[in-house]
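Peer 1: Input: one structure, supplied below.
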Amino acid sequence: MAENIQSKGYAGKDESGKLVPWSFERRPVGDNDILIDIKYCGVCHSDIHQIKGHWGPQQYPQVPGHEIVGVVAAVGKNVTKFKVGDRAGVGCMVSSCMECESCKNGEEHHCDNNATIMTYGYPEESSPTGISQGGYSQNIVVTEHFAIKIPDSIDLQEAAPLLCAGITTYSPLMRANFKKRG
């Protein structure tokens, strides 16, 4: 039986928005998962809204952070895109069913089975804390599909914010097939 992953991070424990050191456990690395040792995590205003409960009642303690970059420390047996030592990043999602029409068509955030798990604050049965915990911590376990390789040509600290605001603007531009005007 796989063991839970020990972690330390900074968690909100109430709606004050104040983050405090917290030790917790993450779920074990599954067959399709990677474990990332986090090196940097950007700060997004969404993190502040979530921790302060501006978007509804929250479960605490909760570790925010969804602009995550680091180095792969372990891989599950079915993982093909990553190996230990690779540089990897994670944005706002860590899992979904990957079987429904929405997931198969790249719309995991609209999972037909309501199985999308956002990076933090979402109910997650496999999490020892009952919810997903984010990147203001030393590590994270994420389904391989929701991680991206970070090229050596970009510093990790510069890559982190691209996983939120950067991709929010880049993805629709690419899907709309915008071209540079000559």
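Scheme for the structure tokens: letters A, B, ... for chains in order shown; per-chain residue numbers from 1; ligand numbers from 1 in order shown.
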Determine, for each residue of stretch 73-167 of chain A having at least one atom at most 6 Å from an atom of stretch 28-45 of chain A, the closest pair of atoms and their separation in Å to one decimal, counting only C-alpha atoms; order by chain and ascending number, as a Markdown table.

Peer 2:
```
| residue | atom | partner | partner_atom | distance |
| --- | --- | --- | --- | --- |
| A:Ala73 | CA | A:Leu35 | CA | 5.5 |
| A:Ala74 | CA | A:Leu35 | CA | 5.0 |
| A:Val75 | CA | A:Ile34 | CA | 4.5 |
| A:Gly76 | CA | A:Asp31 | CA | 4.1 |
| A:Lys77 | CA | A:Asp31 | CA | 4.9 |
| A:Asn78 | CA | A:Asp31 | CA | 5.3 |
| A:Val79 | CA | A:Asn32 | CA | 5.4 |
| A:Gly135 | CA | A:Cys41 | CA | 5.9 |
| A:Gln138 | CA | A:Ile38 | CA | 5.2 |
| A:Asn139 | CA | A:Asp37 | CA | 4.4 |
| A:Ile140 | CA | A:Ile36 | CA | 5.4 |
| A:Val141 | CA | A:Leu35 | CA | 4.5 |
| A:Val142 | CA | A:Asp33 | CA | 5.4 |
| A:Thr143 | CA | A:Asp33 | CA | 4.2 |
| A:Glu144 | CA | A:Asp33 | CA | 5.1 |
| A:Gln157 | CA | A:Tyr40 | CA | 5.8 |
| A:Ala160 | CA | A:Gly42 | CA | 5.5 |
| A:Pro161 | CA | A:Gly42 | CA | 5.3 |
```

Peer 1: Which residues in stretch 20-115 of chain A does DSSP call strand (DSSP E or B)? List them as a ChimeraX atom specification.

Peer 2: /A:20-26,33-41,62,68-75,87-90,93-95

Peer 1: Could you pull the residues within 10 Å of A:His109, counting only C-alpha atoms, minus those fewer than 2 positions along the same chain, as a CSV table (one decimal) with N, CA, C and O atoms, in the first residue's frame?

Peer 2:
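What ended up in part.csv:
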```csv
chain,number,residue,atom,x,y,z
A,92,CYS,N,-4.2,25.6,-12.4
A,92,CYS,CA,-5.3,25.6,-11.5
A,92,CYS,C,-6.1,24.2,-11.4
A,92,CYS,O,-7.0,24.2,-10.6
A,93,MET,N,-5.7,23.2,-12.1
A,93,MET,CA,-6.3,21.9,-12.0
A,93,MET,C,-5.3,20.8,-11.7
A,93,MET,O,-4.2,20.9,-12.3
A,95,SER,N,-6.7,17.3,-11.4
A,95,SER,CA,-7.3,16.0,-11.8
A,95,SER,C,-8.7,16.2,-12.4
A,95,SER,O,-9.3,17.2,-12.2
A,96,SER,N,-9.2,15.2,-13.1
A,96,SER,CA,-10.6,15.1,-13.6
A,96,SER,C,-10.8,13.7,-14.0
A,96,SER,O,-9.9,12.8,-14.0
A,102,SER,N,-16.4,16.0,-22.4
A,102,SER,CA,-15.7,17.2,-22.1
A,102,SER,C,-14.2,17.0,-21.9
A,102,SER,O,-13.3,17.7,-22.4
A,103,CYS,N,-13.9,16.0,-21.0
A,103,CYS,CA,-12.5,15.8,-20.7
A,103,CYS,C,-11.7,15.3,-22.0
A,103,CYS,O,-10.6,15.7,-22.2
A,106,GLY,N,-10.6,18.2,-24.2
A,106,GLY,CA,-9.7,19.2,-23.7
A,106,GLY,C,-10.5,20.3,-22.9
A,106,GLY,O,-10.0,21.4,-22.6
A,107,GLU,N,-11.7,19.9,-22.4
A,107,GLU,CA,-12.5,20.8,-21.6
A,107,GLU,C,-12.7,20.3,-20.2
A,107,GLU,O,-13.8,20.2,-19.7
A,111,CYS,N,-15.9,19.1,-16.8
A,111,CYS,CA,-16.1,17.6,-16.7
A,111,CYS,C,-17.6,17.3,-16.5
A,111,CYS,O,-18.2,17.8,-15.6
A,112,ASP,N,-18.1,16.4,-17.4
A,112,ASP,CA,-19.5,16.0,-17.4
A,112,ASP,C,-19.8,15.2,-16.1
A,112,ASP,O,-20.9,15.2,-15.7
A,114,ASN,N,-18.5,16.0,-13.1
A,114,ASN,CA,-18.1,16.8,-12.0
A,114,ASN,C,-17.0,16.3,-11.2
A,114,ASN,O,-16.9,16.3,-10.0
A,115,ALA,N,-16.0,15.8,-11.9
A,115,ALA,CA,-14.8,15.2,-11.2
A,115,ALA,C,-13.6,16.1,-11.3
A,115,ALA,O,-12.5,15.7,-10.9
A,116,THR,N,-13.7,17.3,-11.8
A,116,THR,CA,-12.6,18.2,-11.8
A,116,THR,C,-12.2,18.5,-10.4
A,116,THR,O,-13.0,18.8,-9.6
A,117,ILE,N,-10.9,18.5,-10.2
A,117,ILE,CA,-10.3,18.9,-8.9
A,117,ILE,C,-9.4,20.0,-9.1
A,117,ILE,O,-8.4,19.9,-9.8
A,118,MET,N,-9.8,21.2,-8.6
A,118,MET,CA,-8.9,22.4,-8.7
A,118,MET,C,-7.7,22.2,-7.8
A,118,MET,O,-7.7,21.4,-6.9
```

Peer 1: Choose the residue, out of A:Ala147, A:Pro57, A:Ser153, A:Ala176, that has the smallest atom-to-atom separation from A:Gly70; count only C-alpha atoms.

Peer 2: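 Once distances to A:Gly70 are computed over only C-alpha atoms, the minimum belongs to A:Ala147.
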
Peer 1: Which of these residues is nearest to A:Ile68, using only C-alpha atoms: A:Phe82, A:Gly89, A:Pro128, A:Glu158?

Peer 2: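 Of A:Phe82, A:Gly89, A:Pro128, A:Glu158, the one nearest A:Ile68 is A:Gly89, counting only C-alpha atoms.
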
Peer 1: Please measure the separation of atom CA of A:Tyr136 and atom CA of A:Gly121, giving the value in Å to one decimal.

Peer 2: 12.7 Å

Peer 1: Which of chain A counts as alpha helix (DSSP H) under DSSP, as a ChimeraX atom specification please?

Peer 2: /A:45-51,101-104,156-159,165-175

Peer 1: Which residues are near stretch 47-52 of chain A? Cut-off 9 Å, only C-alpha atoms, ignore same chain within fewer than 6 positions. Put them as a PDB file with N, CA and C atoms, in the first residue's frame.

Peer 2:
```pdb
ATOM      1  N   ALA A  11      -0.860  27.770   5.369  1.00  0.00           N
ATOM      2  CA  ALA A  11      -2.297  27.571   5.233  1.00  0.00           C
ATOM      3  C   ALA A  11      -3.078  28.704   5.881  1.00  0.00           C
ATOM      4  N   GLY A  12      -4.215  28.994   5.263  1.00  0.00           N
ATOM      5  CA  GLY A  12      -5.199  29.844   5.914  1.00  0.00           C
ATOM      6  C   GLY A  12      -6.004  28.953   6.837  1.00  0.00           C
ATOM      7  N   LYS A  13      -6.238  29.411   8.049  1.00  0.00           N
ATOM      8  CA  LYS A  13      -7.004  28.606   9.008  1.00  0.00           C
ATOM      9  C   LYS A  13      -8.370  29.212   9.297  1.00  0.00           C
ATOM     10  N   ASP A  14      -8.604  30.414   8.733  1.00  0.00           N
ATOM     11  CA  ASP A  14      -9.897  31.079   8.885  1.00  0.00           C
ATOM     12  C   ASP A  14      -9.981  32.190   7.846  1.00  0.00           C
ATOM     13  N   GLU A  15     -11.058  32.947   7.860  1.00  0.00           N
ATOM     14  CA  GLU A  15     -11.293  33.981   6.855  1.00  0.00           C
ATOM     15  C   GLU A  15     -10.433  35.232   7.030  1.00  0.00           C
ATOM     16  N   SER A  16      -9.532  35.256   7.990  1.00  0.00           N
ATOM     17  CA  SER A  16      -8.670  36.428   8.184  1.00  0.00           C
ATOM     18  C   SER A  16      -7.717  36.621   7.014  1.00  0.00           C
ATOM     19  N   GLY A  17      -7.428  35.542   6.299  1.00  0.00           N
ATOM     20  CA  GLY A  17      -6.489  35.602   5.185  1.00  0.00           C
ATOM     21  C   GLY A  17      -5.041  35.452   5.606  1.00  0.00           C
ATOM     22  N   LYS A  18      -4.810  35.357   6.893  1.00  0.00           N
ATOM     23  CA  LYS A  18      -3.458  35.191   7.405  1.00  0.00           C
ATOM     24  C   LYS A  18      -3.018  33.748   7.187  1.00  0.00           C
ATOM     25  N   LEU A  19      -1.823  33.573   6.607  1.00  0.00           N
ATOM     26  CA  LEU A  19      -1.281  32.237   6.377  1.00  0.00           C
ATOM     27  C   LEU A  19      -0.284  31.894   7.472  1.00  0.00           C
ATOM     28  N   GLN A  58     -15.376  28.355   3.056  1.00  0.00           N
ATOM     29  CA  GLN A  58     -14.220  27.516   2.748  1.00  0.00           C
ATOM     30  C   GLN A  58     -13.986  26.497   3.851  1.00  0.00           C
ATOM     31  N   TYR A  60     -11.158  24.843   6.091  1.00  0.00           N
ATOM     32  CA  TYR A  60      -9.821  25.164   6.581  1.00  0.00           C
ATOM     33  C   TYR A  60      -9.300  24.002   7.413  1.00  0.00           C
ATOM     34  N   GLN A  62      -6.405  25.425   4.725  1.00  0.00           N
ATOM     35  CA  GLN A  62      -6.313  25.354   3.275  1.00  0.00           C
ATOM     36  C   GLN A  62      -5.045  26.055   2.805  1.00  0.00           C
ATOM     37  N   VAL A  63      -4.278  25.332   1.995  1.00  0.00           N
ATOM     38  CA  VAL A  63      -3.043  25.865   1.414  1.00  0.00           C
ATOM     39  C   VAL A  63      -3.368  26.375   0.015  1.00  0.00           C
ATOM     40  N   PRO A  64      -3.254  27.691  -0.237  1.00  0.00           N
ATOM     41  CA  PRO A  64      -3.520  28.202  -1.580  1.00  0.00           C
ATOM     42  C   PRO A  64      -2.301  28.040  -2.497  1.00  0.00           C
ATOM     43  N   GLY A  65      -2.428  28.566  -3.699  1.00  0.00           N
ATOM     44  CA  GLY A  65      -1.324  28.581  -4.658  1.00  0.00           C
ATOM     45  C   GLY A  65      -1.579  27.685  -5.853  1.00  0.00           C
ATOM     46  N   HIS A  66      -1.640  28.306  -7.054  1.00  0.00           N
ATOM     47  CA  HIS A  66      -1.896  27.539  -8.274  1.00  0.00           C
ATOM     48  C   HIS A  66      -1.001  27.974  -9.436  1.00  0.00           C
ATOM     49  N   GLY A 121      -8.527  23.648  -2.285  1.00  0.00           N
ATOM     50  CA  GLY A 121      -9.836  23.968  -1.738  1.00  0.00           C
ATOM     51  C   GLY A 121     -10.997  23.163  -2.289  1.00  0.00           C
TER      52      GLY A 121
END
```

Peer 1: List the neighbours of A:Ile148 out to 9 Å using only C-alpha atoms; skip same-chain residues closer than 5 positions along the sequence, and give me the result as number ranges by chain.

Peer 2: A: 81-82, 87-91

Peer 1: Grab the residues selected above and save them as a short mmCIF file (atom, residue, chain, number, x, y, z; two decimals), in the first residue's frame with N, CA and C atoms.

Peer 2:
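Just written: part-v4.cif:
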```cif
data_model
loop_
_atom_site.label_atom_id
_atom_site.label_comp_id
_atom_site.auth_asym_id
_atom_site.auth_seq_id
_atom_site.Cartn_x
_atom_site.Cartn_y
_atom_site.Cartn_z
N LYS A 81 5.12 11.10 -19.75
CA LYS A 81 5.62 12.42 -20.15
C LYS A 81 6.73 12.96 -19.26
N PHE A 82 6.90 12.38 -18.08
CA PHE A 82 7.85 12.91 -17.11
C PHE A 82 8.74 11.81 -16.55
N ARG A 87 11.75 19.30 -15.00
CA ARG A 87 11.13 20.53 -14.49
C ARG A 87 9.66 20.52 -14.92
N ALA A 88 8.77 20.79 -13.96
CA ALA A 88 7.34 20.69 -14.25
C ALA A 88 6.58 21.83 -13.62
N GLY A 89 5.42 22.13 -14.20
CA GLY A 89 4.55 23.17 -13.67
C GLY A 89 3.11 22.68 -13.58
N VAL A 90 2.35 23.32 -12.70
CA VAL A 90 0.94 22.99 -12.48
C VAL A 90 0.18 24.30 -12.37
N GLY A 91 -0.97 24.35 -13.03
CA GLY A 91 -1.83 25.52 -12.94
C GLY A 91 -2.98 25.29 -11.98
#
```

Peer 1: Separation of atom CA of A:Ile150 and atom CA of A:Lys83, in Å?

Peer 2: 12.8 Å
